[in-house]
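See below for the structure under consideration.
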Amino acid sequence: MIKTRITTLIAGCSIITCAGLAIQTPPKAPAKATSGTNTAFFEAKIRPILTKECLPCHSRKSGSVQGGLSMDTRMDLLTGSSKGPLIVPGKPKDSLLMHVVRHVHPTIKMPPGKKLTDVQLQALELWISNGAVDPRGAQQVVVTPETREQKEWAYRKPIAPPVPSETNGGWASLPIDHFVAVAQKRHGLKAAPTASGKLLLRRIAMDITGIMPTASELDAFPDKPTQADIRKAIDAYLASQEYGRRWGRHWLDIARYAESSGKDANIAYPEAWRYRDYVIDSFNINKPYNTFIREQIAGDLLPSASTALSATQTIATGYLAIGAKSHTERNTRQFRLDVADEQIDAIGQGILGLTVACARCHDHKTDPISQRAYYQLAGIFLSTETHTASAPTNQQRQGSDGIALPRDASVYRPAGLTPFEQRLLTNQLSALVQQRDELIQAQRRNRTAGNGGLVVLQSRIGVLEHQLSRYDASGRLKPYAMGASEKVILEDTPIYARGERTQPGEVVPRGIPAFLGASTDTAVPRTTSGRLQVSDWLASKENPLTARVFVNRVWHYLFGRGLVASCDNFGVTGMRPDHPELLDYLAIKFMDSGWDIKSLIRDIMLTKTYQLDSTPSGKAALSDPENIQLSHQRVRRMDAEAIRDNILAVSGDLDLRVPDGSPMVKVEGQFARRPAFDPQTMTMPYRSIYLPIVRDSLPDALAVFDMAEPTLVTGVREETTVPSQALFLLNAPFVIDAAIKATARIPAASRTQDERIESAFRLILGRMPTVSEVAASKTFLDSFVPESQANSGVYSRVARNAERARWTVFCQSLMATVEFRTIR
């Protein structure tokens with residue numbers, strides 16, 4: 001530990017006093033509350049439990065309120081019965097509900113005659129821990145015939161609006177600006193001035209690549225750039241490989257990307273990285289968005305001119321396979337129903353902006369999505385084989401092999417097994433097989449039936465056999481992928497009452513429901529699952545939602561708020577668009593451009609609206625605090641990946657090469673907390689998109705800054721400000737190590753103190769310091785005295801060198817500023 005007496009730190013362009021700051025190894029970041037605090041989590045995980053296990057006996061609606069307890073609303077749960085409140089939000093251990101469902105209450109055990117599964121118990125505990133969000137009984141959305149026409153705007157095809165001529169004082173120049181100018185004038189607002197050249201370049205670089213511009217790039221960019229200067233910078237960044245890594249990560253949030261199954265067993269998905277790289281490559285080659293969508297839903301069914309294209313399209317279907325799954329589910333039918341539901345939810349929210357999966361148990365309460373329509377889609381995905389490429393174990397009752405990719409497709413294959421590793425695994429397998437055979441013989445001799453040890457042995461044998469089967473005789477990894485394919489036996493599915501597999505009803509034929517954009521339900525050929533037809537409808541110009549939802553996502557990533565704030569919900573319970581004509585203009589222009597993503601980003605960035613300064617006028621700050629009318633740019637915090645990547649960039653350690661697959665390639669079966677590597681703390685110098693993403697074990701550097709929960713579709717990340725973030729920036733060895741290396745990049749020879757301060761500011765914040773900041777920095781540097789006993793930990797390399805130690809802490813202080821981690 002090293003304790004330093006820091007009298008001043010520079011934070012957010014202001015000076016704060018910080019005496020006796022202890023720099024030490026930080027505690028683990030607490031588990032994120034994202035999933036538990038999300039209404040989607042309640043709908044996906046909690047409502048089904050209540051509906052199946054509780055409400056039949058405790059609901060006024062069902063006419064049964066046993067024990068005087070109703071569980072229809074959140075208020076009912078808080079009120080409880082004569083036994084007291086059923087839940088105490090934030091305190092599962094004090095909640096009566098958890099006592100009775102865990103069967104630890106002395107007299108009450110629920111549900112009667114059975115116990116909830118471990119997965120259900122964990123979901124309830126997480127839900128209560130994070131506040132027990134429950135939309136039931138809140139202000140209900142009442143959809144009347146008079147309001148439905150307004151509420152269901154998203155189901156009508158966009159119509160090209162006339163571009164207004166309003167300039168609101170002359171600042172508007174492009175069509176997008178004119179739409180915004182109309183809204184500003186209507187609300188009596190004036191647009192802010194244009195941002196300075198260097199501030200604008202930093203914004204452009206961060207939004208396109210996620211990495212700050214270098215000092216030389218900032219020096220070369222004019223203080224008052226022309227549109228030609230701005231276009232040149234935009235095109236250069238769009239042409240870089242870093243663009244795909246930045247925007248690919250945005251899509252992975254929506255695709256709920258992870259390299260393990262999560263839930264109870266958390267089975268490793270060693271081939272998931274291929275889908276990640278497919279997404280990055282798709283953005284970098286500017287694949288049309290409609291093609292991008294079709295490949296992910298039905299790539300295996302699309303025509304291909306080469307084996308390479310066929311392999312790419314197969315890998316794309318990993319989108320359907322990477323969702324969270326409960327591989328320990330005993331009932332195969334239940335498992336398949338849950339997988340299909342997860343796939344429908346991913347497509348519904350991710351591509352259509354609709355909560356389609358809410359119709360699994362009943363007709364959608366607010367949107368025109370019937371339960372029949374849901375099961376039309378469910379039949380399509382129940383007729384689809386989902387390949388997870390995961391090893392069979394005694395924990396994994398449900399799983400499947402990967403899809404073999406064409407040998408002549410030139411598919412990248414990561415480093416395989418060394419001869420030593422092959423011998424080691426082969427010897428381990430032989431020893432386990434011998435041990436199993438001896439155990440079987442012993443049981444036969446002794447006529448014993450115990451097989452617990454045999455099951456464990458067979459599971460370990462299965463994992464090793466699966467692992468060795470993925471490599472050829474020379475140790476090279478065979479090309480396999482996660483993904484989807486057509487099932488041999490296609491099926492239509494019944495409508496399950498309340499979503500229960502034990503309550504089948506009318507069988508409905510597979511088809512494309514009308515809410516996807518057709519005028520009526522459309523049947524699919526009986527010889528196919530229907531995925532190809534679904535992909536065609538999703539990617540059609542006739543679909544009223546697909547283009548709108550995507551351009552809204554792009555707007556959100558560039559402005560910090562979508563034109564529809566609820567990016568994943570364009571339904572009746574979602575937000576109305578702030579600028580509906582602008583949204584339709586962008587959607588139609590996007591489709592007419594050939595679904596060109598780079599063109600869409602460029603067009604928005606070239607607008608005066610995007611280029612405005614981030615300082616609001618006094619009137620805007622008072623009358624439009626959320627900046628709905630776009631009179632200035634929003635100040636946005638970098639996402640978790642950008643913060644980590646820029647810390648690496650400042651240190652000089654950031655490696656922009658593509659890593660060799662993923663560390664998960666060699667992980668088989670159930671993911672242990674501490675296998676060959678710890679995903680929470682492992683260090684890799686590559687872009688953060690390449691870090692292994694293991695459900696329930698996210699990297700600390702990303703989790704602390706609100707990385708997306710990979711179990712859910714996440715169009716808008718939560719943004720918290722909590723002490724653990726400051727502690728991470730001040731105490732984490734990763735940050736301290738970066739500060740040491742950043743210090744070494746600041747020239748010391750024949751430099752004045754003022755010049756070194758300026759170099760540090762330029763390297764870390766991308767600008768020159770103000771006069772007051774130079775003075776504050778000098779005060780800190782002159783008063784800094786490291787304690788002599790500080791000789792351990794990461795600082796041990798610099799603690800005995802007072803000059804180096806003070807500059808290291810100074811650089812770290814700059815990296816801990818608000819300015820470093822914000823986009824203005």
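Chain labels A, B, ... are given in the sequence in which chains occur in the structure tokens; within each chain residues are numbered consecutively from 1, and ligands are likewise numbered from 1 in the order shown.
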Margin query: Can you pull out every residue from stretch 421-572 of chain A that DSSP, working from the backbone, puts in strand (DSSP E), and format the result as a PyMOL selection string?
Written below: chain A and resi 480-481+483-486+493-496+504-508+511-512+522-523
Check: Using only C-alpha atoms, which residues sit within 9 Å of stretch 84-96 of chain A once same-chain residues fewer than 2 positions away are excluded, as a PyMOL selection string?
Finding: chain A and resi 76-82+98-101+105+124-133
Note to self: When you count only C-alpha atoms, which of these residues is closest to A:Leu490: A:Ala389, A:Ile380, A:Ala732, A:Leu538?
What the structure shows: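 Under the stated criterion, the closest residue is A:Ile380.
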Can you write out as a tab-separated table which residues of stretch 478-574 of chain A fall within 9 Å of stretch 586-592 of chain A, alongside each residue's closest atom pair and its distance in Å to one decimal, counting only C-alpha atoms and ordering rows by chain and ascending residue number?
residue	atom	partner	partner_atom	distance
A:Lys541	CA	A:Met591	CA	6.8
A:Thr546	CA	A:Ala587	CA	8.7
A:Ala547	CA	A:Ala587	CA	5.2
A:Arg548	CA	A:Ala587	CA	5.1
A:Val549	CA	A:Ala587	CA	8.4
A:Phe550	CA	A:Ala587	CA	8.2
A:Val551	CA	A:Ala587	CA	6.2
A:Asn552	CA	A:Ala587	CA	8.5
Notebook entry, point to check: Within 9 Å of A:Trp807, counting only C-alpha atoms, which residues qualify if same-chain residues fewer than 2 places away don't, as number ranges by chain?
Noted result: A: 739-740, 743, 781, 802-805, 809-812
Next item on the list: Have a look at atom CA of A:Arg657 and atom CA of A:Val694 and let me know their distance in Å, one decimal.
Entry: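 Interatomic distance, atom CA of A:Arg657 to atom CA of A:Val694: 22.0 Å.
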Within 9 Å of A:Ala324, counting only C-alpha atoms, which residues qualify if same-chain residues fewer than 4 places away don't, as a short mmCIF file (atom, residue, chain, number, x, y, z; two decimals) with N, CA and C atoms, in the first residue's frame?
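Once everything was written out, this is result36.cif:
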data_model
loop_
_atom_site.label_atom_id
_atom_site.label_comp_id
_atom_site.auth_asym_id
_atom_site.auth_seq_id
_atom_site.Cartn_x
_atom_site.Cartn_y
_atom_site.Cartn_z
N ARG A 256 -27.40 -9.29 -27.22
CA ARG A 256 -27.17 -9.92 -25.91
C ARG A 256 -26.01 -10.91 -25.98
N ALA A 258 -22.70 -12.95 -25.37
CA ALA A 258 -21.86 -13.46 -24.29
C ALA A 258 -21.27 -14.79 -24.74
N SER A 260 -20.96 -17.49 -22.67
CA SER A 260 -21.43 -18.58 -21.80
C SER A 260 -22.94 -18.47 -21.68
N SER A 261 -23.57 -19.52 -21.18
CA SER A 261 -25.03 -19.57 -21.14
C SER A 261 -25.64 -18.78 -20.01
N GLY A 262 -24.86 -18.51 -18.95
CA GLY A 262 -25.43 -17.89 -17.77
C GLY A 262 -26.34 -18.86 -17.04
N LYS A 263 -27.24 -18.30 -16.25
CA LYS A 263 -28.20 -19.07 -15.46
C LYS A 263 -27.48 -20.05 -14.54
N ASN A 266 -24.17 -22.17 -16.31
CA ASN A 266 -23.22 -21.27 -16.99
C ASN A 266 -22.24 -22.06 -17.87
N VAL A 339 -36.13 -21.47 -25.28
CA VAL A 339 -35.18 -20.97 -26.28
C VAL A 339 -35.90 -20.19 -27.36
N GLU A 342 -36.89 -16.84 -26.02
CA GLU A 342 -35.75 -15.93 -25.93
C GLU A 342 -35.38 -15.37 -27.30
N ARG A 695 -21.19 -14.58 -18.78
CA ARG A 695 -22.34 -14.15 -17.99
C ARG A 695 -22.10 -14.38 -16.51
N PRO A 710 -25.55 -8.90 -20.43
CA PRO A 710 -25.65 -9.68 -21.67
C PRO A 710 -26.79 -10.68 -21.71
N THR A 711 -27.63 -10.70 -20.70
CA THR A 711 -28.78 -11.58 -20.73
C THR A 711 -29.96 -10.93 -21.45
N LEU A 712 -29.96 -9.59 -21.53
CA LEU A 712 -31.09 -8.85 -22.06
C LEU A 712 -30.70 -8.02 -23.28
#
Notebook entry, point to check: With only C-alpha atoms as the atoms that count, which of A:Ala359, A:Val455, A:Ile823, A:Leu622 lies nearest to A:Gln376?
Noted result: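 Using only C-alpha atoms, the shortest distance to A:Gln376 belongs to A:Ala359.
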Notebook entry, point to check: Suppose you want the space between atom CA of A:Ile347 and atom CA of A:Val488; what is it in Å?
Noted result: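 Spanning atom CA of A:Ile347 to atom CA of A:Val488 is a straight-line distance of 23.4 Å.
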Next item on the list: Mind checking which residues fall within 9 Å of A:Ala215, counting only C-alpha atoms, ignoring those fewer than 3 positions away in the same chain, and posting them as an NGL selection string?
Entry: :A and (218-220 or 762-763 or 766-767)
Put those residues in a file: C-alpha atoms, as a CSV table (one decimal), in the first residue's frame.
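Result went into result-v5.csv, see below:
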chain,number,residue,atom,x,y,z
A,218,LEU,CA,-5.7,17.5,-33.0
A,219,ASP,CA,-2.9,19.8,-34.0
A,220,ALA,CA,-3.7,19.1,-37.7
A,762,ARG,CA,-2.4,17.0,-24.2
A,763,LEU,CA,-1.7,13.3,-23.8
A,766,GLY,CA,-6.3,16.2,-25.6
A,767,ARG,CA,-6.0,19.9,-24.9
Item checked: Residue neighbourhood stretch 300-313 of chain A, 9 Å, only C-alpha atoms, exclusion window fewer than 3 positions, as a list of chain:residue names -> A:Tyr278, A:Arg294, A:Glu295, A:Gln296, A:Ile297, A:Ala316, A:Thr317, A:Leu405, A:Pro406, A:Arg407, A:Asp408, A:Ala409, A:Ser410, A:Val411, A:Ala481, A:Gly483, A:Ala484, A:Ser485, A:Glu486, A:Arg531, A:Leu532
Residues from the last selection, C-alpha atoms, saved as a PDB file, in the first residue's frame:
ATOM      1  CA  TYR A 278     -18.676 -11.397 -37.904  1.00  0.00           C
ATOM      2  CA  ARG A 294     -31.305 -11.410 -43.034  1.00  0.00           C
ATOM      3  CA  GLU A 295     -28.003 -13.193 -42.445  1.00  0.00           C
ATOM      4  CA  GLN A 296     -28.495 -13.301 -38.687  1.00  0.00           C
ATOM      5  CA  ILE A 297     -32.007 -14.722 -38.896  1.00  0.00           C
ATOM      6  CA  ALA A 316     -24.181 -14.904 -38.626  1.00  0.00           C
ATOM      7  CA  THR A 317     -26.962 -17.139 -37.313  1.00  0.00           C
ATOM      8  CA  LEU A 405     -17.937 -24.943 -41.430  1.00  0.00           C
ATOM      9  CA  PRO A 406     -16.659 -25.777 -44.920  1.00  0.00           C
ATOM     10  CA  ARG A 407     -13.008 -26.880 -44.794  1.00  0.00           C
ATOM     11  CA  ASP A 408     -12.209 -24.922 -47.963  1.00  0.00           C
ATOM     12  CA  ALA A 409     -13.821 -21.676 -46.739  1.00  0.00           C
ATOM     13  CA  SER A 410     -10.547 -20.203 -45.412  1.00  0.00           C
ATOM     14  CA  VAL A 411     -12.178 -19.723 -42.011  1.00  0.00           C
ATOM     15  CA  ALA A 481     -19.646 -22.259 -35.253  1.00  0.00           C
ATOM     16  CA  GLY A 483     -25.742 -20.946 -35.102  1.00  0.00           C
ATOM     17  CA  ALA A 484     -29.051 -22.202 -36.423  1.00  0.00           C
ATOM     18  CA  SER A 485     -30.234 -24.715 -38.976  1.00  0.00           C
ATOM     19  CA  GLU A 486     -33.498 -26.270 -40.132  1.00  0.00           C
ATOM     20  CA  ARG A 531     -37.086 -18.258 -40.853  1.00  0.00           C
ATOM     21  CA  LEU A 532     -36.260 -17.148 -44.371  1.00  0.00           C
TER      22      LEU A 532
END
Next item on the list: Counting only C-alpha atoms, figure out which residue out of A:Leu55, A:Ile254, A:Leu457, A:Val665 gets nearest to A:Glu438.
Entry: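 That would be A:Leu457, the residue with the smallest distance to A:Glu438.
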